[in-house]
Every structure is written in C-alpha cells, then in structure tokens.
2 protein chains.
Amino acid sequence: MLSNPYKHKVLNFSGGVGGSKLALGLSKVLSPSQLSVVVNTADDFEHFGLHISPDLDTLMYTLGELNNKELGWGLNCETWNMLDSLGQLGGETWFQLGDRDMATHLLRTQYLREGLMLSEATTRLCKSLGITHEILPMTDYRVRTKVQTKTGILDFQEYFVRHKCKPEITGIHLDGIEHAVPQEHFAKRLMDPDLSALIIAPSNPFVSVDPIIKMPGIRSLMMDSNAPVIAVSPIIGEDAIKGPAAKMMRELNIAVSCGAVAHYYGELLDGFVIDEQDAQSAKQLQNSGLKVLVVPTLMHTIDDRIRLAEEILNFSLTMK
Amino acid sequence: MLSNPYKHKVLNFSGGVGGSKLALGLSKVLSPSQLSVVVNTADDFEHFGLHISPDLDTLMYTLGELNNKELGWGLNCETWNMLDSLGQLGGETWFQLGDRDMATHLLRTQYLREGLMLSEATTRLCKSLGITHEILPMTDYRVRTKVQTKTGILDFQEYFVRHKCKPEITGIHLDGIEHAVPQEHFAKRLMDPDLSALIIAPSNPFVSVDPIIKMPGIRSLMMDSNAPVIAVSPIIGEDAIKGPAAKMMRELNIAVSCGAVAHYYGELLDGFVIDEQDAQSAKQLQNSGLKVLVVPTLMHTIDDRIRLAEEILNFSLTMK
C-alpha cells in the first residue's frame with residue numbers, strides 16, 4: 001500500500017496476460033476491499049475432460065505472484081513431463097499443460113463436478129494461493145468464444161493456441177452469451193453507488209472484453225453507473241501490445257489504431273488511456289467527448305504496472 | 001527368445017506388481033503370439049475424474065520396461081510436481097499421481113470418453129508404448145472391489161493406498177461381478193483348444209485373482225479347459241511376498257500358508273508352485289491330488305523372473 005491510499009472502489013475488467021499486468025499494478029495500490037477483478041471466461045474450454053480457465057489462471061498466478069516471467073504465461077518452476085509422456089503416448093499436445101498447472105485444472109474440475117460454481121471454485125483456489133484481492137469470473141454460466149474463419153468455425157483455444165491465430169477471421173461469436181447471468185458479486189460491485197472507477201484492461205476488445213460487456217444487462221449497468229468507465233488501449237501505433245487484436249481488426253475491416261478501439265467501445269467510455277506514442281490521437285479523441293490520458297502504457301516491470309495503475313486512478317479522480 | 005522356444009500358448013492371470021514380475025519373465029520366454037496376460041481391473045477407480053487402472057498400468061509399464069525399479073511401482077524418470085502443487089492447493093494427495101503417469105490416466109480417460117472399451121484403450125496405449133505381448137483387462141465391464149472393514153465399507157484404493165491396509169477386514173465384495181462379461185479375447189483364449197497352460201500369478205487371491213476367476217462363466221471354462229491350471233503361491237512361509245494377502249487371510253480366519261492358498265483355489269488347480277522355503281508342504285499338497293513344483297519363487301532380478309517362468313512352463317509340460 002502506498003502512503004496515500006486511494007479511497008477508490010475499483011472494478012477492473014480483464015482478459016489474460018495483458019490484463020493481469022494492470023491488475024497486478026492495481027492490486028499493489030488498492031487494498032482487497034477496494035479492488036475486484038472481473039475476468040473473461042469465454043476462452044474457457046474442456047480438454048481431456050478438464051475445465052480449463054486460461055484467463056482466470058493467468059490472473060490467479062499473477063496476483064499470487066506465481067506466474068512464469070520467462071514464458072510470460074503459466075506458472076513459475078513449471079515442468080512438462082506429463083506433456084512429454086502424453087506426446088510419447090500419441091496424445092494431443094497442442095495445449096501446453098504444465099505439470100504444476102495440471103493441479104489447478106484437476107482441482108477446479110473436481111470442484112465443478114462436486115457442484116460448486118466456477119466463482120466458488122475460483123474463490124477456493126485463490127484462498128489456497130493466498131490471493132487476497134477478489135478475482136471474479138464474469139459469469140458462472142457457460143459462454144464460449146467461437147472464431148469464424150474462412151475455413152470454418154473454431155473454438156477459441158483451437159484458433160488461439162492450436163492454429164496460432166493464423167486462420168483469417170470473418171467474425172466472432174460468443175456462444176451462450178444471451179443466456180449468461182453476470183456473476184452475482186460482479187453485478188453487485190457494478191451497481192455499488194460507491195464504485196469510483198471501472199477500468200477496462202488493455203485486453204483484446206473482441207475476445208477478452210466483449211464477453212464481459214456483452215452479457216445481458218452489463219451495458220446498461222455500465223451506462224447507469226456513476227463511476228467513470230476508463231479503457232486502456234491494447235493498440236499502440238498500428239499494432240497490438242500482445243496477441244491477435246491488431247490482426248483481428250484488420251481482418252474485420254477495422255482500422256488498427258487506438259482511436260478505433262475507443263470508437264468500438266463507443267458511448268460506454270468516459271475516459272481512454274493511450275500510449276505516448278499515440279499522443280497525436282489525443283486531440284481527436286477529446287473532440288469526440290472523451291477524457292484522454294496519454295502515458296507510457298507498456299508494462300515491462302512491476303514498477304511500470306504500479307505507475308500505470310496510479311496514473312489511471314489519478315485520471316479517474318479528474319472525472320468525478 | 002530362448003534358443004528352444006516353447007510351443008506353449010499361455011494365458012496368465014495377473015494382479016499388479018507381483019504378477020507383473022512373472023508376466024515379464026513369461027514375455028521374455030514366449031513370443032507375443034504365445035502369451036496373453038489377463039489383468040485384474042477390480043481395483044480400477046475414478047480419481048479427479050480420471051479412470052485409473054493400477055494393475056493394467058503396472059503390467060504396461062513393466063512389459064514396456066518403463067517401470068520404476070526404485071519405487072517398485074509406477075514409471076521410471078517420474079516426477080511429482082503436479083502432486084506437489086495439488087497439495088499446495090489443498091487437493092487430496094493420498095494417491096500418488098506422478099507427472100508422467102498422469103499422461104496415461106488422461107489419455108485412457110479420453111479414450112473411454114470417446115466411447116472406446118477399456119480393452120481398446122489398453123491396446124492403443126500398449127501400441128504407443130511398443131508393447132507387443134497382449135495385455136487384456138479381464139472385462140470391459142465395471143467391477144469394483146469393496147473392502148468390508150469393522151468401521152465400514154471402503155473402496156479398494158481407499159483401503160489399499162489411503163488407509164495403507166490398516167483397517168481390519170471382515171469381507172471382500174466384488175461389486176458388479178455378477179453382470180461382468182469377460183473380455184472377448186480373454187474368453188476366446190480360455191476356450192482355445194490349443195491353450196497349453198493357464199498360469200495364475202503370485203498375486204493376492206482375494207483382490208487380484210478372484211475378480212478374474214469369479215466372473216460368470218470363467219470357473220467352468222477353466223474346469224473345462226484341457227490346459228493345466230497352475231497357480232504360484234503368493235504366500236511364502238507365513239507371510240505374503242508383498243501386499244496385504246497374509247493380513248487379509250488372518251483377518252478372514254484363513255491359515256496363512258501356501259497350502260491354504262491351494263485349498264482356497266480348490267479344484268480349479270492342477271498344479272501349484274511353492275517356494276523352496278515351503279518344501280515341507282509339498283507332500284501334503286501332492287496327497288490332495290495336486291502336482292507341486294518347489295522352486296525359489298522370489299523374483300528379485302530379471303534372471304529370477306525368466307528362470308521362474310521357464311520352470312513353470314517346463315512344469316506345465318509334465319501335466320499334459
């Protein structure tokens with residue numbers, strides 16, 4: 001905690017790796033009672049009968065400071081002997097199942113089989129990992145991102161991991177989203193009159209953030225909230241910080257720019273955070289009625305994460 | 001293969017570790033077309049949603065020469081990082097799930113989920129491991145050993161691994177056995193008029209061999225077979241070579257001796273193999289009409305396993 005703690009109550013929407021960096025920064029600045037991280041679960045999938053929640057895992061491992069800094073994903077001190085043996089047995093090895101990571105998948109799957117909700121399973125896992133900040137799956141319902149490509153529809157992990165985002169996409173479908181009920185605490189935090197900021201991570205708008213904000217009721221709750229909604233651009237210049245966001249935008253005929261991201265979120269946003277490389281875009285964004293913060297948004301170090309978190313929180317105070 | 005290959009066609013009934021040693025010896029003497037190993041599946045169980053077949057795994061790992069010689073069970077080059085992480089997460093760690101072993105469980109479970117029979121899954125796994133001798137689960141049906149103890153009924157692995165065989169038993173129940181159909185190839189081999197020996201491994205009579213021979217029809221097929229039925233005593237002196245057989249016999253009020261094992265199998269047996277330490281029992285067993293082979297039955301080395309296999313095969317030739 002900093003010497004001057006913010007009085008913020010913050011809700012942070014996050015996808016995986018990119019989002020987790022900002023969430024870690026926020027968790028260093030805000031107490032557990034001040035921060036809830038709502039995590040995309042539309043890239044969850046079943047593999048070898050295991051329920052795998054890649055984004056929840058990334059958030060847990062990052063806030064638990066167990067994340068693998070060399071790989072940029074997964075657990076530290078990871079080994080790959082199961083996967084090695086699986087390959088020798090002729091099993092599918094396209095999804096990187098680490099030995100230690102397997103324990104998370106096994107236990108989560110067991111919890112779900114025992115009848116726990118995904119959010120309850122997440123709470124238990126977080127508790128075991130000593131994570132004190134709230135990590136909430138966006139919903140306990142099943143939503144699955146399907147990627148429409150020129151050669152057919154792919155499950156998200158098939159597209160993302162197995163095919164390394166190579167197939168050209170023609171659309172994205174969030175299967176089941178029309179029936180998804182936002183997780184109870186998520187909805188409660190979003191309706192909290194004391195909520196002081198809603199921060200959308202620099203995650204992929206189409207496959208990480210859309211599943212959260214396109215659930216029934218969320219858009220209007222966001223619009224009704226007194227808290228400013230601030231997104232951090234995942235696009236710097238003409239490329240994504242990480243992942244297929246820029247490639248997807250090109251294939252969906254959306255200009256690859258931070259401005260296009262702001263336009264995509266549209267009236268949901270009160271504030272927008274862009275990288276200093278895109279400073280020239282600030283004026284135009286401001287003319288459209290947005291408050292804009294121009295800062296370095298790349299988060300290489302823990303100090304970068306904390307600094308960006310603080311800058312966004314200070315920025316949010318200007319919008320009260 | 002030895003220079004003087006036997007013309008035997010042998011069916012070998014086996015439990016886990018003890019049985020696998022003799023099976024390995026037999027596999028070094030007999031060609032794949034000469035030997036089929038029928039394996040107990042009544043100690044299979046479901047753990048974390050995985051279908052685990054401990055005895056099939058032991059046979060596969062042993063015949064595939066991948067078994068862990070230090071531990072006496074499991075795979076060589078095994079690591080335990082999943083289990084370590086599972087413990088940190090608060091999961092159950094009483095069953096030793098090695099990282100490499102996990103690959104077998106995951107893939108078998110996937111095969112079963114895809115609709116394969118256990119025997120088909122076993123064939124696929126054996127093929128991947130380069131095992132050329134036939135390993136057959138006794139049945140594709142579900143049979144589960146339940147151990148009745150003074151404090152209640154336990155699943156076999158709960159009794160065997162979790163409670164380390166400590167609870168005093170009052171009975172053993174083979175759940176589902178009345179509906180179990182012997183695996184197709186097993187029944188075919190057993191009815192083969194060219195079958196020249198049926199060898200019951202020095203495995204636990206109650207929990208490893210009984211599930212095989214108590215399946216509907218097996219007893220009469222064994223009685224009808226022209227092939228001599230030869231069992232190797234799992235009891236030497238007043239103790240079991242390995243595992244809880246002696247303890248179980250005491251608790252079930254059966255004298256702990258090789259003779260009691262022969263008596264337990266009763267009229268099924270034509271021949272019985274006892275350890276040289278029990279040579280004094282040979283006369284009485286012979287008086288009951290059994291052919292008896294007295295040899296060293298402890299199999300410390302691969303040479304011991306091959307020697308015992310050869311001695312049993314030679315013994316079987318005397319019973320034609």
# chains A, B, ... in the order shown; residues from 1 in each chain; ligands from 1
$ residues_around --residues "region 111-117 of chain A" --least-positions-apart "3" --cutoff "12 Å" --atoms "only C-alpha atoms" --output "number ranges by chain"
A: 49-52, 104-108, 120-125, 136-142, 183-184; B: 47-49, 90-92
$ select_by_dssp --residues "region 85-319 of chain B" --states "alpha helix (DSSP H)" --output "NGL selection string"
:B and (85-88 or 99-113 or 118-128 or 156-157 or 184-191 or 210-213 or 218-224 or 245-251 or 258-265 or 282-287 or 302-317)
$ closest_residue --among "B:Ile135, B:Ala187, B:Val39, B:Ala240" --to "Phe13 (chain B)" --atoms "only C-alpha atoms"
B:Val39
$ calpha_fit_rmsd --fixed "chain A" --moving "chain B"
0.0 Å
$ closest_atom_pairs --of "chain A" --to "chain B" --cutoff "6 Å" --atoms "only C-alpha atoms" --output "Markdown table"
| residue | atom | partner | partner_atom | distance |
| --- | --- | --- | --- | --- |
| A:Phe48 | CA | B:Gln110 | CA | 5.7 |
| A:Asn81 | CA | B:Arg100 | CA | 5.6 |
| A:Met82 | CA | B:Arg100 | CA | 4.5 |
| A:Ser85 | CA | B:Arg100 | CA | 5.5 |
| A:Leu86 | CA | B:Ala103 | CA | 4.8 |
| A:Leu89 | CA | B:Ser128 | CA | 5.1 |
| A:Asp99 | CA | B:Met82 | CA | 4.8 |
| A:Arg100 | CA | B:Met82 | CA | 4.4 |
| A:Ala103 | CA | B:Leu86 | CA | 4.8 |
| A:Gln110 | CA | B:Phe48 | CA | 5.7 |
| A:Ser128 | CA | B:Leu89 | CA | 5.1 |
$ residues_around --residues "Ile212 (chain A)" --least-positions-apart "6" --cutoff "10 Å" --atoms "only C-alpha atoms" --output "list in words"
Phe13, Ser14, Gly15, Val38, Val39, Asn40, Thr41, Ala42, Pro137, Met138, Thr139, Val143, Ile177, Ala180, Pro182, Pro205, Ile218 and Arg219 of chain A
$ write_last_selection --atoms "N, CA and C atoms" --output "compact mmCIF listing (two decimals), in the first residue's frame"
# COMPACT_ATOMS: atom_id res chain seq x y z
N PHE A 13 -12.03 -4.88 -15.44
CA PHE A 13 -12.37 -5.95 -16.39
C PHE A 13 -11.08 -6.41 -17.04
N SER A 14 -10.88 -7.71 -17.09
CA SER A 14 -9.60 -8.19 -17.59
C SER A 14 -9.71 -9.45 -18.43
N GLY A 15 -8.85 -9.52 -19.45
CA GLY A 15 -8.61 -10.78 -20.15
C GLY A 15 -7.43 -11.44 -19.46
N VAL A 38 -12.78 -8.59 -12.60
CA VAL A 38 -13.75 -9.44 -13.29
C VAL A 38 -13.06 -10.00 -14.54
N VAL A 39 -13.07 -11.30 -14.66
CA VAL A 39 -12.23 -11.95 -15.66
C VAL A 39 -13.07 -12.66 -16.72
N ASN A 40 -12.64 -12.50 -17.95
CA ASN A 40 -13.24 -13.20 -19.09
C ASN A 40 -13.17 -14.72 -18.89
N THR A 41 -14.29 -15.39 -19.13
CA THR A 41 -14.29 -16.85 -19.08
C THR A 41 -14.74 -17.46 -20.41
N ALA A 42 -14.85 -16.60 -21.44
CA ALA A 42 -15.34 -17.13 -22.72
C ALA A 42 -14.25 -17.88 -23.48
N PRO A 137 -14.88 -14.67 -11.89
CA PRO A 137 -15.24 -14.99 -13.27
C PRO A 137 -16.44 -14.14 -13.65
N MET A 138 -16.49 -13.68 -14.87
CA MET A 138 -17.57 -12.78 -15.30
C MET A 138 -18.95 -13.40 -15.09
N THR A 139 -19.01 -14.71 -15.19
CA THR A 139 -20.29 -15.41 -15.04
C THR A 139 -20.02 -16.84 -14.60
N VAL A 143 -20.18 -19.48 -21.43
CA VAL A 143 -20.07 -18.66 -22.64
C VAL A 143 -18.79 -19.12 -23.34
N ILE A 177 -23.90 -16.36 -24.81
CA ILE A 177 -23.86 -15.09 -24.06
C ILE A 177 -25.27 -14.55 -23.77
N ALA A 180 -26.32 -15.83 -20.46
CA ALA A 180 -25.37 -15.74 -19.35
C ALA A 180 -25.83 -14.71 -18.33
N PRO A 182 -24.54 -12.41 -15.30
CA PRO A 182 -23.29 -11.96 -14.69
C PRO A 182 -23.15 -12.51 -13.27
N PRO A 205 -10.31 -6.36 -27.28
CA PRO A 205 -11.71 -5.93 -27.14
C PRO A 205 -12.71 -7.00 -27.59
N ILE A 218 -25.24 -5.85 -18.66
CA ILE A 218 -24.00 -5.19 -18.26
C ILE A 218 -23.85 -3.80 -18.89
N ARG A 219 -24.18 -3.71 -20.16
CA ARG A 219 -24.04 -2.43 -20.85
C ARG A 219 -24.85 -1.33 -20.15
$ select_by_dssp --residues "region 77-269 of chain A" --states "strand (DSSP E)" --output "number ranges by chain"
A: 134-137, 144-149, 152-155, 169-175, 197-200, 229-232, 235-236, 239-240
$ closest_residue --among "A:Ala23, A:Val232, A:Glu251, A:Gly243" --to "Leu293 (chain A)" --atoms "only C-alpha atoms"
A:Val232
$ closest_residue --among "A:Ile200, A:Met249, A:Ala227, A:Leu313" --to "Ile172 (chain A)" --atoms "only C-alpha atoms"
A:Met249
$ residues_around --residues "Leu269 (chain A)" --least-positions-apart "4" --cutoff "8 Å" --atoms "only C-alpha atoms" --output "VMD selection string"
chain A and resid 228 to 231 262 265 290
$ residues_around --residues "Arg162 (chain A)" --least-positions-apart "5" --cutoff "9 Å" --atoms "only C-alpha atoms" --output "VMD selection string"
chain A and resid 94 to 95 157
$ atom_distance --atom1 "CA of Ser257 (chain B)" --atom2 "CA of Trp73 (chain B)"
25.8 Å
$ residues_around --residues "region 53-64 of chain B" --least-positions-apart "4" --cutoff "6 Å" --atoms "only C-alpha atoms" --output "JSON list (two decimals) with C-alpha atoms, in the first residue's frame"
[["chain", "number", "residue", "atom", "x", "y", "z"],
["B", 15, "GLY", "CA", -2.77, -58.59, -10.46],
["B", 16, "GLY", "CA", -0.28, -55.74, -10.17],
["B", 20, "SER", "CA", 3.88, -58.23, -13.45],
["B", 24, "LEU", "CA", 7.73, -60.06, -17.65],
["B", 44, "ASP", "CA", -9.65, -49.56, -11.03],
["B", 131, "ILE", "CA", 4.40, -53.50, -26.06]]
$ atom_distance --atom1 "CA of Asp278 (chain A)" --atom2 "CA of Glu238 (chain A)"
9.5 Å
$ closest_residue --among "B:Phe45, B:Gly176, B:Ala260, B:Pro234" --to "Asp155 (chain B)" --atoms "only C-alpha atoms"
B:Phe45
$ atom_distance --atom1 "CA of Leu11 (chain A)" --atom2 "CA of Arg189 (chain A)"
7.2 Å
$ decode --residues "region 33-80 of chain B" --atoms "N, CA and C atoms" --output "PDB file, in the first residue's frame"
ATOM      1  N   SER B  33       2.658 -64.122 -29.831  1.00  0.00           N
ATOM      2  CA  SER B  33       1.539 -64.992 -30.224  1.00  0.00           C
ATOM      3  C   SER B  33       1.312 -66.105 -29.204  1.00  0.00           C
ATOM      4  N   GLN B  34       2.260 -66.281 -28.275  1.00  0.00           N
ATOM      5  CA  GLN B  34       2.144 -67.387 -27.314  1.00  0.00           C
ATOM      6  C   GLN B  34       1.588 -66.978 -25.959  1.00  0.00           C
ATOM      7  N   LEU B  35       1.616 -65.677 -25.679  1.00  0.00           N
ATOM      8  CA  LEU B  35       1.268 -65.236 -24.321  1.00  0.00           C
ATOM      9  C   LEU B  35       0.220 -64.136 -24.326  1.00  0.00           C
ATOM     10  N   SER B  36      -0.809 -64.333 -23.515  1.00  0.00           N
ATOM     11  CA  SER B  36      -1.761 -63.248 -23.231  1.00  0.00           C
ATOM     12  C   SER B  36      -1.838 -63.082 -21.723  1.00  0.00           C
ATOM     13  N   VAL B  37      -1.765 -61.847 -21.277  1.00  0.00           N
ATOM     14  CA  VAL B  37      -1.861 -61.575 -19.847  1.00  0.00           C
ATOM     15  C   VAL B  37      -3.224 -60.944 -19.567  1.00  0.00           C
ATOM     16  N   VAL B  38      -3.999 -61.601 -18.733  1.00  0.00           N
ATOM     17  CA  VAL B  38      -5.326 -61.099 -18.350  1.00  0.00           C
ATOM     18  C   VAL B  38      -5.179 -60.416 -16.992  1.00  0.00           C
ATOM     19  N   VAL B  39      -5.600 -59.172 -16.936  1.00  0.00           N
ATOM     20  CA  VAL B  39      -5.272 -58.351 -15.773  1.00  0.00           C
ATOM     21  C   VAL B  39      -6.526 -57.955 -14.996  1.00  0.00           C
ATOM     22  N   ASN B  40      -6.412 -58.034 -13.704  1.00  0.00           N
ATOM     23  CA  ASN B  40      -7.461 -57.573 -12.789  1.00  0.00           C
ATOM     24  C   ASN B  40      -7.791 -56.100 -13.027  1.00  0.00           C
ATOM     25  N   THR B  41      -9.066 -55.792 -13.113  1.00  0.00           N
ATOM     26  CA  THR B  41      -9.463 -54.382 -13.220  1.00  0.00           C
ATOM     27  C   THR B  41     -10.404 -53.981 -12.078  1.00  0.00           C
ATOM     28  N   ALA B  42     -10.537 -54.870 -11.077  1.00  0.00           N
ATOM     29  CA  ALA B  42     -11.471 -54.559  -9.991  1.00  0.00           C
ATOM     30  C   ALA B  42     -10.884 -53.553  -9.009  1.00  0.00           C
ATOM     31  N   ASP B  43      -9.589 -53.243  -9.142  1.00  0.00           N
ATOM     32  CA  ASP B  43      -9.077 -52.136  -8.312  1.00  0.00           C
ATOM     33  C   ASP B  43      -8.932 -50.857  -9.128  1.00  0.00           C
ATOM     34  N   ASP B  44      -9.528 -50.826 -10.296  1.00  0.00           N
ATOM     35  CA  ASP B  44      -9.653 -49.561 -11.032  1.00  0.00           C
ATOM     36  C   ASP B  44     -10.486 -48.603 -10.193  1.00  0.00           C
ATOM     37  N   PHE B  45     -10.274 -47.335 -10.393  1.00  0.00           N
ATOM     38  CA  PHE B  45     -11.116 -46.356  -9.698  1.00  0.00           C
ATOM     39  C   PHE B  45     -11.079 -45.028 -10.428  1.00  0.00           C
ATOM     40  N   GLU B  46     -11.995 -44.161 -10.014  1.00  0.00           N
ATOM     41  CA  GLU B  46     -12.068 -42.819 -10.588  1.00  0.00           C
ATOM     42  C   GLU B  46     -11.523 -41.839  -9.557  1.00  0.00           C
ATOM     43  N   HIS B  47     -10.602 -41.025  -9.985  1.00  0.00           N
ATOM     44  CA  HIS B  47      -9.966 -40.071  -9.072  1.00  0.00           C
ATOM     45  C   HIS B  47      -9.755 -38.790  -9.867  1.00  0.00           C
ATOM     46  N   PHE B  48     -10.278 -37.690  -9.371  1.00  0.00           N
ATOM     47  CA  PHE B  48     -10.234 -36.420 -10.100  1.00  0.00           C
ATOM     48  C   PHE B  48     -10.809 -36.588 -11.516  1.00  0.00           C
ATOM     49  N   GLY B  49     -11.818 -37.455 -11.624  1.00  0.00           N
ATOM     50  CA  GLY B  49     -12.449 -37.630 -12.933  1.00  0.00           C
ATOM     51  C   GLY B  49     -11.662 -38.514 -13.888  1.00  0.00           C
ATOM     52  N   LEU B  50     -10.523 -38.998 -13.450  1.00  0.00           N
ATOM     53  CA  LEU B  50      -9.698 -39.849 -14.304  1.00  0.00           C
ATOM     54  C   LEU B  50     -10.004 -41.316 -14.034  1.00  0.00           C
ATOM     55  N   HIS B  51     -10.031 -42.108 -15.088  1.00  0.00           N
ATOM     56  CA  HIS B  51     -10.165 -43.550 -14.918  1.00  0.00           C
ATOM     57  C   HIS B  51      -8.759 -44.114 -14.721  1.00  0.00           C
ATOM     58  N   ILE B  52      -8.511 -44.622 -13.525  1.00  0.00           N
ATOM     59  CA  ILE B  52      -7.174 -45.145 -13.201  1.00  0.00           C
ATOM     60  C   ILE B  52      -7.266 -46.659 -13.080  1.00  0.00           C
ATOM     61  N   SER B  53      -6.396 -47.339 -13.791  1.00  0.00           N
ATOM     62  CA  SER B  53      -6.338 -48.806 -13.800  1.00  0.00           C
ATOM     63  C   SER B  53      -4.965 -49.222 -13.280  1.00  0.00           C
ATOM     64  N   PRO B  54      -4.810 -49.292 -11.955  1.00  0.00           N
ATOM     65  CA  PRO B  54      -3.469 -49.504 -11.399  1.00  0.00           C
ATOM     66  C   PRO B  54      -2.787 -50.781 -11.895  1.00  0.00           C
ATOM     67  N   ASP B  55      -3.544 -51.882 -11.975  1.00  0.00           N
ATOM     68  CA  ASP B  55      -2.899 -53.132 -12.376  1.00  0.00           C
ATOM     69  C   ASP B  55      -2.554 -53.143 -13.866  1.00  0.00           C
ATOM     70  N   LEU B  56      -3.448 -52.618 -14.690  1.00  0.00           N
ATOM     71  CA  LEU B  56      -3.130 -52.513 -16.124  1.00  0.00           C
ATOM     72  C   LEU B  56      -1.897 -51.639 -16.328  1.00  0.00           C
ATOM     73  N   ASP B  57      -1.835 -50.534 -15.589  1.00  0.00           N
ATOM     74  CA  ASP B  57      -0.676 -49.650 -15.719  1.00  0.00           C
ATOM     75  C   ASP B  57       0.603 -50.373 -15.325  1.00  0.00           C
ATOM     76  N   THR B  58       0.535 -51.112 -14.222  1.00  0.00           N
ATOM     77  CA  THR B  58       1.734 -51.827 -13.770  1.00  0.00           C
ATOM     78  C   THR B  58       2.183 -52.834 -14.828  1.00  0.00           C
ATOM     79  N   LEU B  59       1.227 -53.535 -15.416  1.00  0.00           N
ATOM     80  CA  LEU B  59       1.593 -54.501 -16.461  1.00  0.00           C
ATOM     81  C   LEU B  59       2.182 -53.808 -17.679  1.00  0.00           C
ATOM     82  N   MET B  60       1.534 -52.703 -18.095  1.00  0.00           N
ATOM     83  CA  MET B  60       2.045 -51.968 -19.264  1.00  0.00           C
ATOM     84  C   MET B  60       3.438 -51.422 -19.002  1.00  0.00           C
ATOM     85  N   TYR B  61       3.601 -50.798 -17.858  1.00  0.00           N
ATOM     86  CA  TYR B  61       4.906 -50.189 -17.571  1.00  0.00           C
ATOM     87  C   TYR B  61       5.985 -51.263 -17.439  1.00  0.00           C
ATOM     88  N   THR B  62       5.600 -52.425 -16.884  1.00  0.00           N
ATOM     89  CA  THR B  62       6.593 -53.492 -16.691  1.00  0.00           C
ATOM     90  C   THR B  62       6.959 -54.135 -18.027  1.00  0.00           C
ATOM     91  N   LEU B  63       5.945 -54.526 -18.808  1.00  0.00           N
ATOM     92  CA  LEU B  63       6.256 -55.156 -20.097  1.00  0.00           C
ATOM     93  C   LEU B  63       6.883 -54.140 -21.064  1.00  0.00           C
ATOM     94  N   GLY B  64       6.547 -52.863 -20.899  1.00  0.00           N
ATOM     95  CA  GLY B  64       7.171 -51.814 -21.705  1.00  0.00           C
ATOM     96  C   GLY B  64       8.541 -51.423 -21.168  1.00  0.00           C
ATOM     97  N   GLU B  65       8.937 -52.061 -20.072  1.00  0.00           N
ATOM     98  CA  GLU B  65      10.220 -51.796 -19.394  1.00  0.00           C
ATOM     99  C   GLU B  65      10.398 -50.309 -19.087  1.00  0.00           C
ATOM    100  N   LEU B  66       9.302 -49.742 -18.630  1.00  0.00           N
ATOM    101  CA  LEU B  66       9.277 -48.335 -18.224  1.00  0.00           C
ATOM    102  C   LEU B  66       9.021 -48.219 -16.729  1.00  0.00           C
ATOM    103  N   ASN B  67       9.002 -49.359 -16.051  1.00  0.00           N
ATOM    104  CA  ASN B  67       8.630 -49.336 -14.630  1.00  0.00           C
ATOM    105  C   ASN B  67       9.751 -48.788 -13.756  1.00  0.00           C
ATOM    106  N   ASN B  68       9.337 -48.218 -12.667  1.00  0.00           N
ATOM    107  CA  ASN B  68      10.261 -47.582 -11.728  1.00  0.00           C
ATOM    108  C   ASN B  68      10.832 -48.647 -10.794  1.00  0.00           C
ATOM    109  N   LYS B  69      12.079 -48.956 -10.970  1.00  0.00           N
ATOM    110  CA  LYS B  69      12.683 -50.054 -10.209  1.00  0.00           C
ATOM    111  C   LYS B  69      13.009 -49.655  -8.777  1.00  0.00           C
ATOM    112  N   GLU B  70      13.226 -48.372  -8.572  1.00  0.00           N
ATOM    113  CA  GLU B  70      13.485 -47.919  -7.192  1.00  0.00           C
ATOM    114  C   GLU B  70      12.230 -48.005  -6.337  1.00  0.00           C
ATOM    115  N   LEU B  71      11.147 -47.438  -6.862  1.00  0.00           N
ATOM    116  CA  LEU B  71       9.886 -47.441  -6.098  1.00  0.00           C
ATOM    117  C   LEU B  71       9.268 -48.835  -6.048  1.00  0.00           C
ATOM    118  N   GLY B  72       9.441 -49.598  -7.113  1.00  0.00           N
ATOM    119  CA  GLY B  72       8.756 -50.887  -7.212  1.00  0.00           C
ATOM    120  C   GLY B  72       7.369 -50.753  -7.832  1.00  0.00           C
ATOM    121  N   TRP B  73       6.981 -49.546  -8.167  1.00  0.00           N
ATOM    122  CA  TRP B  73       5.692 -49.297  -8.848  1.00  0.00           C
ATOM    123  C   TRP B  73       5.843 -47.994  -9.625  1.00  0.00           C
ATOM    124  N   GLY B  74       4.904 -47.761 -10.523  1.00  0.00           N
ATOM    125  CA  GLY B  74       4.918 -46.506 -11.281  1.00  0.00           C
ATOM    126  C   GLY B  74       5.973 -46.499 -12.381  1.00  0.00           C
ATOM    127  N   LEU B  75       6.184 -45.310 -12.921  1.00  0.00           N
ATOM    128  CA  LEU B  75       7.053 -45.127 -14.080  1.00  0.00           C
ATOM    129  C   LEU B  75       8.461 -44.700 -13.688  1.00  0.00           C
ATOM    130  N   ASN B  76       9.405 -45.055 -14.520  1.00  0.00           N
ATOM    131  CA  ASN B  76      10.759 -44.529 -14.299  1.00  0.00           C
ATOM    132  C   ASN B  76      10.819 -43.063 -14.753  1.00  0.00           C
ATOM    133  N   CYS B  77      11.864 -42.392 -14.364  1.00  0.00           N
ATOM    134  CA  CYS B  77      12.032 -40.961 -14.672  1.00  0.00           C
ATOM    135  C   CYS B  77      10.783 -40.176 -14.250  1.00  0.00           C
ATOM    136  N   GLU B  78      10.134 -40.626 -13.183  1.00  0.00           N
ATOM    137  CA  GLU B  78       8.906 -39.960 -12.752  1.00  0.00           C
ATOM    138  C   GLU B  78       9.247 -38.698 -11.932  1.00  0.00           C
ATOM    139  N   THR B  79       8.347 -37.719 -12.020  1.00  0.00           N
ATOM    140  CA  THR B  79       8.443 -36.525 -11.168  1.00  0.00           C
ATOM    141  C   THR B  79       7.079 -36.293 -10.532  1.00  0.00           C
ATOM    142  N   TRP B  80       7.022 -35.436  -9.547  1.00  0.00           N
ATOM    143  CA  TRP B  80       5.833 -35.327  -8.699  1.00  0.00           C
ATOM    144  C   TRP B  80       5.403 -33.874  -8.519  1.00  0.00           C
TER     145      TRP B  80
END
